[in-house]
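Asks: Sharing a structure here in structure tokens format.
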Amino acid sequence: MASGAFPDRFLPPDPRVEEPYRHTPRVALRVAILALLTLGLFAILFLRLWALQVLSGHRYLSDALNNQVRSVPIEAPRGSIVDRNGRLLVTNVPGTQVLLWPSDLRKRTGRDTELRRLSKVLGVPMKTIVAKIKARAGDSLTPITLQVAVHKDQVAYLLEHKDEFPGIEISQTYLRRYRAEALAAHVFGYTREISAAQLKDGRKCYVRTRSGGGARKYQAADVIGQSGIEAAYDCELRGLPGKTVRTVDSLGRPTGAPRDEIQPVSGNTIRLTLDISLQRAAERALRYGIGLARADGHWAANGGAVVAMDPRDGSILALASNPTYKPGVWVGRLDPKRVKVLLDPKAAKAANYPGLDRAIDGTYPAGSTFKPVTALAALGQHLVSPYESLPCTGEYVVRGQTGAGQTFKNWDPSVNENMTMPTAIAASCDTYFYRVGYMFYGLPGNLGHPLQDWASRFGIGARTGIDIGPESGGLLPTPEWLQQTFTKKSDPCCWQIDSLWKPGDSIQLAIGQKDLLVTPLQMTRFYAMIANGGKLVTPHLLGDVEAPGGNPRAPKVLPGGTRPWALQKTGVDPAALAVVRDGLYGATHGTNGTATSVFGSYPVAIAGKTGTAEKVVTLPGFKGLMDQSWWCGYAPADSPTITVCALIENGGHGGTAAAPAALKVFEEFFHLPGVYVPPANSD
Amino acid sequence: MAAPPAIDYAGLGRVQVRTSRRHEVLSLLQRLDWVLLGATAAAVAYGLWAIAGITHADVPDNPNYYLIRQGSYAAIGAVLFVLALLVEPRFYLRYRMVIYAGTLATMGFILVAGAAARHSRRWIDLGFFRFQPSEFGKVLFVLFLAGFLAEKGRRIGEARVVATAVGLAAGPVLLVFLQPDIGTALVYSAALAAVLFIAGARWWHLVGLGLAVVIAALAILWWLPAGGVDVLKPYQAERLYGFVNPDKNPQGSTYNVNQSITAVGAGGIYGRGVRGSTQTTLNYLPEHGTDFAFASLAEQRGFLGASLLLLLYLLIIWRGLKVVTLARDAFSAIVAGGIVAAFLFQVFVNVGMAMGIAPITGIPLPFVSVGGSSMIANLLAIGILEAIHARGTGRAAFRRRRS
């Protein structure tokens with residue numbers, strides 16, 4: 001094939017072509033236009049190139065540099081929790097976790113396959129993974145924790161197939177270890193990854209370390225305390241995370257050695273006021289008390305609470321709630337079956353709410369344990385004098401405005417004698433206190449509500465301010481509360497009657513019944529006030545905060561760790577207190593004392609009050625009044641060092657279940673065994 | 001019956017110098033546009049050097065993998081360049097319908113049986129080489145359209161002729177669009193416009209066509225989707241959306257273009273070198289050997305290196321436009337115009353895409369992007385330009401006549 005020498009046969013004559021091709025001015029013009037267009041387009045390209053590379057090159061250079069460095073946080077070991085004697089209760093064990101950097105996942109097709117495989121390998125539902133990725137959309141700098149406490153076989157598999165799982169990182173983490181098994185589960189609480197709502201709060205934390213400290217915001221993927229001490233002192237426990245800066249490629253695989261490593265600082269140690277031996281005894285005592293109640297025929301006895309507190313400063317020695325759970329179920333991989341009773345309302349109800357801390361969050365009518373409140377209020381108002389005798393009868397009748405009599409019965413219908421106040425407390429005479437209650441009802445309106453005033457001064461119906469939560473305040477009924485509660489809307493039929501404060505309200509409040517609701521901790525606090533001479537303590541669990549890694553015998557206490565735990569003056573007359581203490585001693589030692597059979601022979605003088613509180617309860621197949629078994633008291637009676645409140649739900653009489661349970665706590669505290677006395681049938 | 005006298009409308013008589021075969025080859029060499037050839041050779045060499053740097057970390061333990069492949073393609077391309085040089089352009093004119101039918105058949109075949117990758121069927125898998133006919137189709141498309149229009153001569157002014165040309169072009173464009181390869185379909189459309197433009201279509205015909213394109217684009221992008229008919233694949237719509245809103249969803253559809261802009265910007269004036277170019281070597285910039293080769297080049301060689309490549313392109317286009325004016329006949333001129341316009345369009349869209357001023361389409365960067373079909377087809381196209389130049393009415397030709 002040669003050039004230039006083509007014969008004409010390639011171009012057949014064409015009659016339509018009138019003239020040979022010439023460069024018409026039109027073609028020249030059009031080529032010129034094309035040339036101009038070319039110049040214009042290239043000018044745009046050059047200008048853009050200039051703008052990007054020369055004018056803002058620095059900005060893009062730093063973008064590119066940030067692209068390849070990734071700051072990976074190094075988790076700080078969480079602080080330990082020890083009891084008042086330095087016994088290690090909560091600590092850490094190393095564990096392996098699998099992290100996922102969502103930005104490194106393959107785009108489109110490979111993505112679902114990878115996630116599905118991960119879901120299979122790690123045993124995390126696909127839904128959970130997708131939800132986690134969605135929740136973290138827009139934050140590409142924090143990895144997602146897919147699974148903690150991963151087995152070494154899973155790790156080996158992932159490492160072997162590393163290239164098939166872009167974005168996966170395996171790292172070390174710390175897992176919480178609860179050395180006391182199920183003890184004090186509600187006190188310790190648990191830790192989990194921060195939730196979206198918590199993150200949104202933007203809470204800040206001042207983290208203290210041996211060498212100063214710093215404010216730190218909670219960040220995504222932080223594992224934080226979710227309840228109990230873990231939540232209350234999260235800032236002390238969490239420590240300061242370190243970080244390491246690594247160069248990574250676009251699949252997140254580290255290239256080269258890490259640089260700029262900052263070591264993490266361990267969290268501080270929290271020393272509790274709790275005595276773990278006493279805690280164990282308290283939890284055993286609860287089970288013992290429930291057993292006693294059941295043996296006595298109270299089939300529905302299935303829970304309760306025991307609080308032991310130092311009445312002098314409010315430090316909690318034991319805080320038990322039953323039923324309970326093992327805090328270890330929250331560690332690492334959640335076993336859906338085991339946490340179901342804590343998360344699923346239905347399952348929780350069937351298991352009688354093991355997640356509920358009854359000691360601070362359970363509310364019950366106080367029953368007879370409230371009588372000392374009424375007594376102190378009556379003495380404070382000078383309604384009765386301490387040794388004035390009032391009749392204690394089998395029943396007490398009040399004539400209402402209509403003239404019809406309303407009868408209030410004593411727990412012991414056969415009694416008929418005159419009693420002074422200490423005797424009435426010791427014998428727990430209801431009718432005596434009905435009369436006192438009616439006296440309060442008869443007080444002129446300009447005095448307000450003295451009974452409720454005194455009760456709230458004693459901390460009844462209000463949160464105690466204990467350092468863990470959630471705490472319930474209970475309910476102290478007042479005429480105002482009645483009016484607010486029963487309105488035309490909420491009670492269309494009878495609101496006009498129900499919203500009125502009637503004699504019965506005062507009378508029943510005097511013995512801690514009807515609408516009154518208290519928590520076991522509130523009652524403990526009230527009895528501590530009686531024990532310590534009239535000061536209201538702030539219950540607390542925190543002993544002090546100590547620097548990590550120190551000698552447990554000579555801990556380095558960090559200053560300012562403890563809050564000043566306020567002692568509040570109540571203004572109660574010491575003489576009135578003495579009368580009540582006299583009565584409480586009589587209740588455990590007097591001939592007609594309701595718990596003499598339980599405490600009378602104990603070598604240390606214990607004083608306290610039984611209570612049998614009627615509460616409307618709903619149980620499977622039963623709805624109605626059930627007796628809540630109470631006992632609250634302190635020892636030694638002359639200079640108390642411990643206050644104990646025991647409550648057995650649906651446990652019957654106070655002397656049957658709660659009092660023997662409380663005795664078990666005293667036995668452990670004083671290291672002195674009691675003498676077993678068959679439970680007495682008493683109020 | 002005597003044959004009618006041939007009309008020497010191309011002025012062949014002026015350059016008809018019958019000499020020996022050796023003399024012919026020599027004269028062909030003399031008539032080559034050496035500037036165009038030099039610029040092309042420089043662009044190929046520069047592209048190979050760039051690709052060596054861009055892809056050195058892509059294949060573990062074999063930094064020259066793509067360089068060697070690309071070099072072989074360039075060698076094949078050089079052979080085709082020489083062949084194209086030797087072929088008399090009128091040959092294409094004569095067999096334009098064969099070319100047209102062959103193009104349609106190949107593209108149809110691909111749609112049915114082509115090798116699929118990343119959502120589209122564009123390739124015929126030949127084992128060692130994935131042949132992408134649409135790249136060659138660009139050249140063939142220009143050839144048969146130019147043939148059709150040259151044959152119509154001055155009737156180009158008639159609306160019917162323009163409409164027929166558009167109808168002829170619609171076949172290949174649609175087939176490419178269906179692969180789907182919007183980028184190449186756009187290149188074809190640009191070539192069609194250029195061919196009509198150079199052939200001398202009336203302005204108002206061109207304006208009408210432009211309006212039709214705008215209306216079609218609006219229909220595809222807004223009206224039909226609003227009516228529930230989705231012409232574009234979801235990823236295509238996403239890319240266009242991403243082009244309009246580059247800051248939305250930086251990890252999603254606009255990830256590529258953001259990384260590309262970062263790569264270009266990070267290059268600065270002098271570039272970050274092969275080892276320092278983290279966007280490329282750490283794989284933050286996807287497709288850095290192919291679609292985003294310009295961004296990688298800009299990152300590694302900086303403003304100076306990127307400008308050098310753009311200047312080489314400008315030189316090639318300038319010489320190409322010159323070939324249009326020197327063409328011996330209308331057919332050659334139209335072919336040259338179409339080739340140059342397609343080339344310009346490719347360069348602009350690819351480079352613009354790397355800098356975020358054009359939507360993301362899979363158009364390769366001529367002579368640089370890794371890919372045999374593109375390299376060979378582009379060299380073939382330049383070869384045709386040179387063939388036209390050598391047979392044209394340039395100074396060399398006149399000089400030849402004078403001697």
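We name chains A, B, ... following the order of the structure tokens; residues begin at 1 in each chain, and ligands are numbered from 1 as shown.
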With a distance cut-off of 6 Å and only C-alpha atoms, select the neighbouring residues of range 637-650 of chain A, excluding the residue or stretch itself and same-chain residues fewer than 3 positions from it, and output the selection as a list in words.
Replies: Ala300, Ala301, Gly303, Gly304, Ala305, Val306, Val307, Ala308, Met309, Asp310, Pro311, Thr524, Ala528, Ala531, Ala605, Ile606, Ala607, Met626, Asp627, Gln628, Ser629, Trp630, Trp631, Cys632, Gly633, Tyr634, Ala658 and Ala662 of chain A
Asks: May I have the residues from that selection written out with N, CA and C atoms, as a PDB file, in the first residue's frame?
Replies:
```pdb
ATOM      1  N   ALA A 300     -45.916 -15.292  99.528  1.00  0.00           N
ATOM      2  CA  ALA A 300     -45.520 -14.295  98.528  1.00  0.00           C
ATOM      3  C   ALA A 300     -44.241 -13.556  98.905  1.00  0.00           C
ATOM      4  N   ALA A 301     -43.630 -13.938 100.050  1.00  0.00           N
ATOM      5  CA  ALA A 301     -42.383 -13.259 100.425  1.00  0.00           C
ATOM      6  C   ALA A 301     -41.328 -13.591  99.384  1.00  0.00           C
ATOM      7  N   GLY A 303     -38.793 -10.930  98.225  1.00  0.00           N
ATOM      8  CA  GLY A 303     -37.802  -9.898  98.001  1.00  0.00           C
ATOM      9  C   GLY A 303     -37.646  -9.040  99.235  1.00  0.00           C
ATOM     10  N   GLY A 304     -36.733  -8.109  99.154  1.00  0.00           N
ATOM     11  CA  GLY A 304     -36.570  -7.230 100.296  1.00  0.00           C
ATOM     12  C   GLY A 304     -35.287  -6.452 100.198  1.00  0.00           C
ATOM     13  N   ALA A 305     -34.999  -5.743 101.285  1.00  0.00           N
ATOM     14  CA  ALA A 305     -33.798  -4.923 101.303  1.00  0.00           C
ATOM     15  C   ALA A 305     -33.282  -4.846 102.728  1.00  0.00           C
ATOM     16  N   VAL A 306     -31.951  -4.738 102.838  1.00  0.00           N
ATOM     17  CA  VAL A 306     -31.339  -4.505 104.142  1.00  0.00           C
ATOM     18  C   VAL A 306     -30.333  -3.373 103.974  1.00  0.00           C
ATOM     19  N   VAL A 307     -30.416  -2.410 104.873  1.00  0.00           N
ATOM     20  CA  VAL A 307     -29.452  -1.317 104.860  1.00  0.00           C
ATOM     21  C   VAL A 307     -28.751  -1.308 106.207  1.00  0.00           C
ATOM     22  N   ALA A 308     -27.438  -1.235 106.195  1.00  0.00           N
ATOM     23  CA  ALA A 308     -26.688  -1.040 107.428  1.00  0.00           C
ATOM     24  C   ALA A 308     -25.854   0.206 107.254  1.00  0.00           C
ATOM     25  N   MET A 309     -25.951   1.104 108.255  1.00  0.00           N
ATOM     26  CA  MET A 309     -25.284   2.397 108.090  1.00  0.00           C
ATOM     27  C   MET A 309     -24.690   2.814 109.416  1.00  0.00           C
ATOM     28  N   ASP A 310     -23.560   3.499 109.350  1.00  0.00           N
ATOM     29  CA  ASP A 310     -22.987   4.087 110.550  1.00  0.00           C
ATOM     30  C   ASP A 310     -23.795   5.348 110.869  1.00  0.00           C
ATOM     31  N   PRO A 311     -24.505   5.390 111.996  1.00  0.00           N
ATOM     32  CA  PRO A 311     -25.389   6.536 112.252  1.00  0.00           C
ATOM     33  C   PRO A 311     -24.615   7.817 112.526  1.00  0.00           C
ATOM     34  N   THR A 524     -33.713   4.079 107.410  1.00  0.00           N
ATOM     35  CA  THR A 524     -32.405   3.913 108.055  1.00  0.00           C
ATOM     36  C   THR A 524     -31.876   5.264 108.518  1.00  0.00           C
ATOM     37  N   ALA A 528     -31.067   6.451 112.185  1.00  0.00           N
ATOM     38  CA  ALA A 528     -29.723   6.944 112.488  1.00  0.00           C
ATOM     39  C   ALA A 528     -29.810   8.281 113.209  1.00  0.00           C
ATOM     40  N   ALA A 531     -30.511   7.604 116.650  1.00  0.00           N
ATOM     41  CA  ALA A 531     -29.331   7.012 117.268  1.00  0.00           C
ATOM     42  C   ALA A 531     -28.260   8.050 117.550  1.00  0.00           C
ATOM     43  N   ALA A 605     -26.736  -4.463 123.437  1.00  0.00           N
ATOM     44  CA  ALA A 605     -28.086  -3.908 123.555  1.00  0.00           C
ATOM     45  C   ALA A 605     -28.528  -3.328 122.215  1.00  0.00           C
ATOM     46  N   ILE A 606     -29.553  -3.938 121.666  1.00  0.00           N
ATOM     47  CA  ILE A 606     -30.099  -3.469 120.393  1.00  0.00           C
ATOM     48  C   ILE A 606     -31.444  -2.817 120.675  1.00  0.00           C
ATOM     49  N   ALA A 607     -31.701  -1.691 120.045  1.00  0.00           N
ATOM     50  CA  ALA A 607     -33.000  -1.045 120.181  1.00  0.00           C
ATOM     51  C   ALA A 607     -33.584  -0.859 118.797  1.00  0.00           C
ATOM     52  N   MET A 626     -51.059  -6.867 101.385  1.00  0.00           N
ATOM     53  CA  MET A 626     -50.051  -7.820 101.850  1.00  0.00           C
ATOM     54  C   MET A 626     -49.251  -7.114 102.920  1.00  0.00           C
ATOM     55  N   ASP A 627     -48.840  -7.861 103.922  1.00  0.00           N
ATOM     56  CA  ASP A 627     -48.045  -7.260 104.992  1.00  0.00           C
ATOM     57  C   ASP A 627     -46.584  -7.181 104.582  1.00  0.00           C
ATOM     58  N   GLN A 628     -46.039  -5.985 104.671  1.00  0.00           N
ATOM     59  CA  GLN A 628     -44.619  -5.805 104.435  1.00  0.00           C
ATOM     60  C   GLN A 628     -43.947  -5.837 105.802  1.00  0.00           C
ATOM     61  N   SER A 629     -42.956  -6.710 105.905  1.00  0.00           N
ATOM     62  CA  SER A 629     -42.319  -6.917 107.198  1.00  0.00           C
ATOM     63  C   SER A 629     -41.132  -5.978 107.361  1.00  0.00           C
ATOM     64  N   TRP A 630     -41.167  -5.149 108.423  1.00  0.00           N
ATOM     65  CA  TRP A 630     -40.127  -4.140 108.642  1.00  0.00           C
ATOM     66  C   TRP A 630     -39.446  -4.377 109.987  1.00  0.00           C
ATOM     67  N   TRP A 631     -38.195  -4.045 110.074  1.00  0.00           N
ATOM     68  CA  TRP A 631     -37.571  -3.796 111.369  1.00  0.00           C
ATOM     69  C   TRP A 631     -36.480  -2.760 111.161  1.00  0.00           C
ATOM     70  N   CYS A 632     -36.481  -1.738 112.026  1.00  0.00           N
ATOM     71  CA  CYS A 632     -35.427  -0.728 111.969  1.00  0.00           C
ATOM     72  C   CYS A 632     -34.909  -0.497 113.367  1.00  0.00           C
ATOM     73  N   GLY A 633     -33.614  -0.369 113.500  1.00  0.00           N
ATOM     74  CA  GLY A 633     -33.073  -0.115 114.830  1.00  0.00           C
ATOM     75  C   GLY A 633     -31.580   0.099 114.795  1.00  0.00           C
ATOM     76  N   TYR A 634     -30.986   0.134 115.977  1.00  0.00           N
ATOM     77  CA  TYR A 634     -29.566   0.464 116.078  1.00  0.00           C
ATOM     78  C   TYR A 634     -28.983  -0.233 117.285  1.00  0.00           C
ATOM     79  N   ALA A 658     -38.454  -9.717 109.357  1.00  0.00           N
ATOM     80  CA  ALA A 658     -37.457  -8.653 109.254  1.00  0.00           C
ATOM     81  C   ALA A 658     -36.554  -8.609 110.481  1.00  0.00           C
ATOM     82  N   ALA A 662     -32.517  -8.798 110.552  1.00  0.00           N
ATOM     83  CA  ALA A 662     -31.682  -7.702 111.035  1.00  0.00           C
ATOM     84  C   ALA A 662     -30.698  -8.208 112.084  1.00  0.00           C
TER      85      ALA A 662
END
```
Asks: So which residues touch Val124 in chain A within 12 Å, counting only C-alpha atoms, skipping near sequence neighbours fewer than 4 positions away, as a list in words?
Replies: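 So the residues in contact are Val98, Leu115, Arg116, Arg117, Leu118, Ser119, Lys120, Thr128, Ile129, Val130, Ala131, Lys132, Thr145, Leu146, Gln147, Val148, Val150, Arg333, Leu334, Asp335 and Pro336 of chain A.
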Asks: Identify all residues of range 189-333 of chain A in strand (DSSP E) (DSSP on the backbone) and supply them as an MDAnalysis selection string.
Replies: chainID A and resid 191:193 204:209 212:217 223:225 242:248 254:262 269:272 303:309 316:322
Asks: May I have the residues within 6 Å of range 35-44 of chain B as a PyMOL selection string, using only C-alpha atoms and disregarding those fewer than 3 positions away in the same chain?
Replies: chain B and resi 47+312+316+319+367
Asks: I need the residues of range 54-137 of chain B that end up classed as helix (DSSP H, G or I) by DSSP on the backbone, written out as number ranges by chain.
Replies: B: 54, 65-86, 89-94, 96-113, 133-137
Asks: Find the residues near Val162 in chain B: any atom within 8 Å, counting only C-alpha atoms, skip ones fewer than 4 places away on the same chain, and give them as a list in words.
Replies: Ile156, Gly157, Glu158, Val166, Leu196, Ala201 and His205 of chain B
Asks: Could the residues in this selection be written to a file with C-alpha atoms, as a PDB file, in the first residue's frame?
Replies:
```pdb
ATOM      1  CA  ILE B 156     -25.050  19.768   4.423  1.00  0.00           C
ATOM      2  CA  GLY B 157     -27.099  22.913   4.578  1.00  0.00           C
ATOM      3  CA  GLU B 158     -30.290  20.866   4.355  1.00  0.00           C
ATOM      4  CA  VAL B 166     -27.687  12.547  13.717  1.00  0.00           C
ATOM      5  CA  LEU B 196     -21.272  18.683  11.773  1.00  0.00           C
ATOM      6  CA  ALA B 201     -23.907  22.686   9.061  1.00  0.00           C
ATOM      7  CA  HIS B 205     -29.307  23.609  12.901  1.00  0.00           C
TER       8      HIS B 205
END
```
Asks: Which residues are near Gly383 in chain B? Cut-off 6 Å, only C-alpha atoms, ignore same chain within fewer than 6 positions. Put them as a ChimeraX atom specification.
Replies: /B:81,84-85
Asks: Write out as JSON, numbers by chain the residues lying within 10 Å of Lys664 in chain A, counting only C-alpha atoms and excluding same-chain residues fewer than 2 positions away.
Replies: {"A": [278, 281, 282, 283, 284, 285, 286, 288, 289, 659, 660, 661, 662, 666, 667, 668, 669, 672, 673, 674]}
Asks: Next, write the just-selected residues to a file, as a PDB file, in the first residue's frame, keeping C-alpha atoms as the atom set.
Replies:
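Heads up, here's the output in result_22.pdb:
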```pdb
ATOM      1  CA  LEU A 278     -21.250  -7.255 106.365  1.00  0.00           C
ATOM      2  CA  ALA A 281     -24.113 -11.152 105.877  1.00  0.00           C
ATOM      3  CA  ALA A 282     -26.840  -8.698 104.913  1.00  0.00           C
ATOM      4  CA  GLU A 283     -27.612 -10.513 101.677  1.00  0.00           C
ATOM      5  CA  ARG A 284     -27.634 -13.820 103.514  1.00  0.00           C
ATOM      6  CA  ALA A 285     -29.857 -12.280 106.184  1.00  0.00           C
ATOM      7  CA  LEU A 286     -32.294 -11.191 103.497  1.00  0.00           C
ATOM      8  CA  TYR A 288     -32.859 -15.965 105.693  1.00  0.00           C
ATOM      9  CA  GLY A 289     -35.647 -13.486 106.427  1.00  0.00           C
ATOM     10  CA  ALA A 659     -36.312  -8.622 112.873  1.00  0.00           C
ATOM     11  CA  PRO A 660     -34.498 -11.999 112.752  1.00  0.00           C
ATOM     12  CA  ALA A 661     -32.904 -10.934 109.450  1.00  0.00           C
ATOM     13  CA  ALA A 662     -31.682  -7.702 111.035  1.00  0.00           C
ATOM     14  CA  PHE A 666     -25.806  -7.346 114.030  1.00  0.00           C
ATOM     15  CA  GLU A 667     -24.276 -10.771 114.636  1.00  0.00           C
ATOM     16  CA  GLU A 668     -21.809 -10.222 111.808  1.00  0.00           C
ATOM     17  CA  PHE A 669     -21.122  -6.649 112.841  1.00  0.00           C
ATOM     18  CA  LEU A 672     -21.264 -12.239 118.379  1.00  0.00           C
ATOM     19  CA  PRO A 673     -23.781 -14.959 117.592  1.00  0.00           C
ATOM     20  CA  GLY A 674     -27.314 -14.527 118.863  1.00  0.00           C
TER      21      GLY A 674
END
```
Asks: Please compute the CA of Pro89 in chain B-CA of Gly153 in chain B distance, one decimal, in Å.
Replies: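 Those two atoms sit 16.7 Å apart.
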Asks: What gap, in Å, lies between CA of Thr254 in chain B and CA of Leu221 in chain B?
Replies: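 CA of Leu221 in chain B lies 18.0 Å from CA of Thr254 in chain B.
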Asks: Using only C-alpha atoms, which of A:Leu61, A:Ile194, A:Val155, A:Leu36 sits nearest chain B?
Replies: A:Leu61
Asks: Do you have the CA of Gly372 in chain B-CA of Gln70 in chain B distance handy?
Replies: 6.8 Å
Asks: Out of B:Val214, B:Ile198, B:Ile357, B:Leu365, which residue has the shortest atom-to-atom distance to Ile334 in chain B when counting only C-alpha atoms?
Replies: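 Ranked by minimum distance to Ile334 in chain B, first place goes to B:Ile198.
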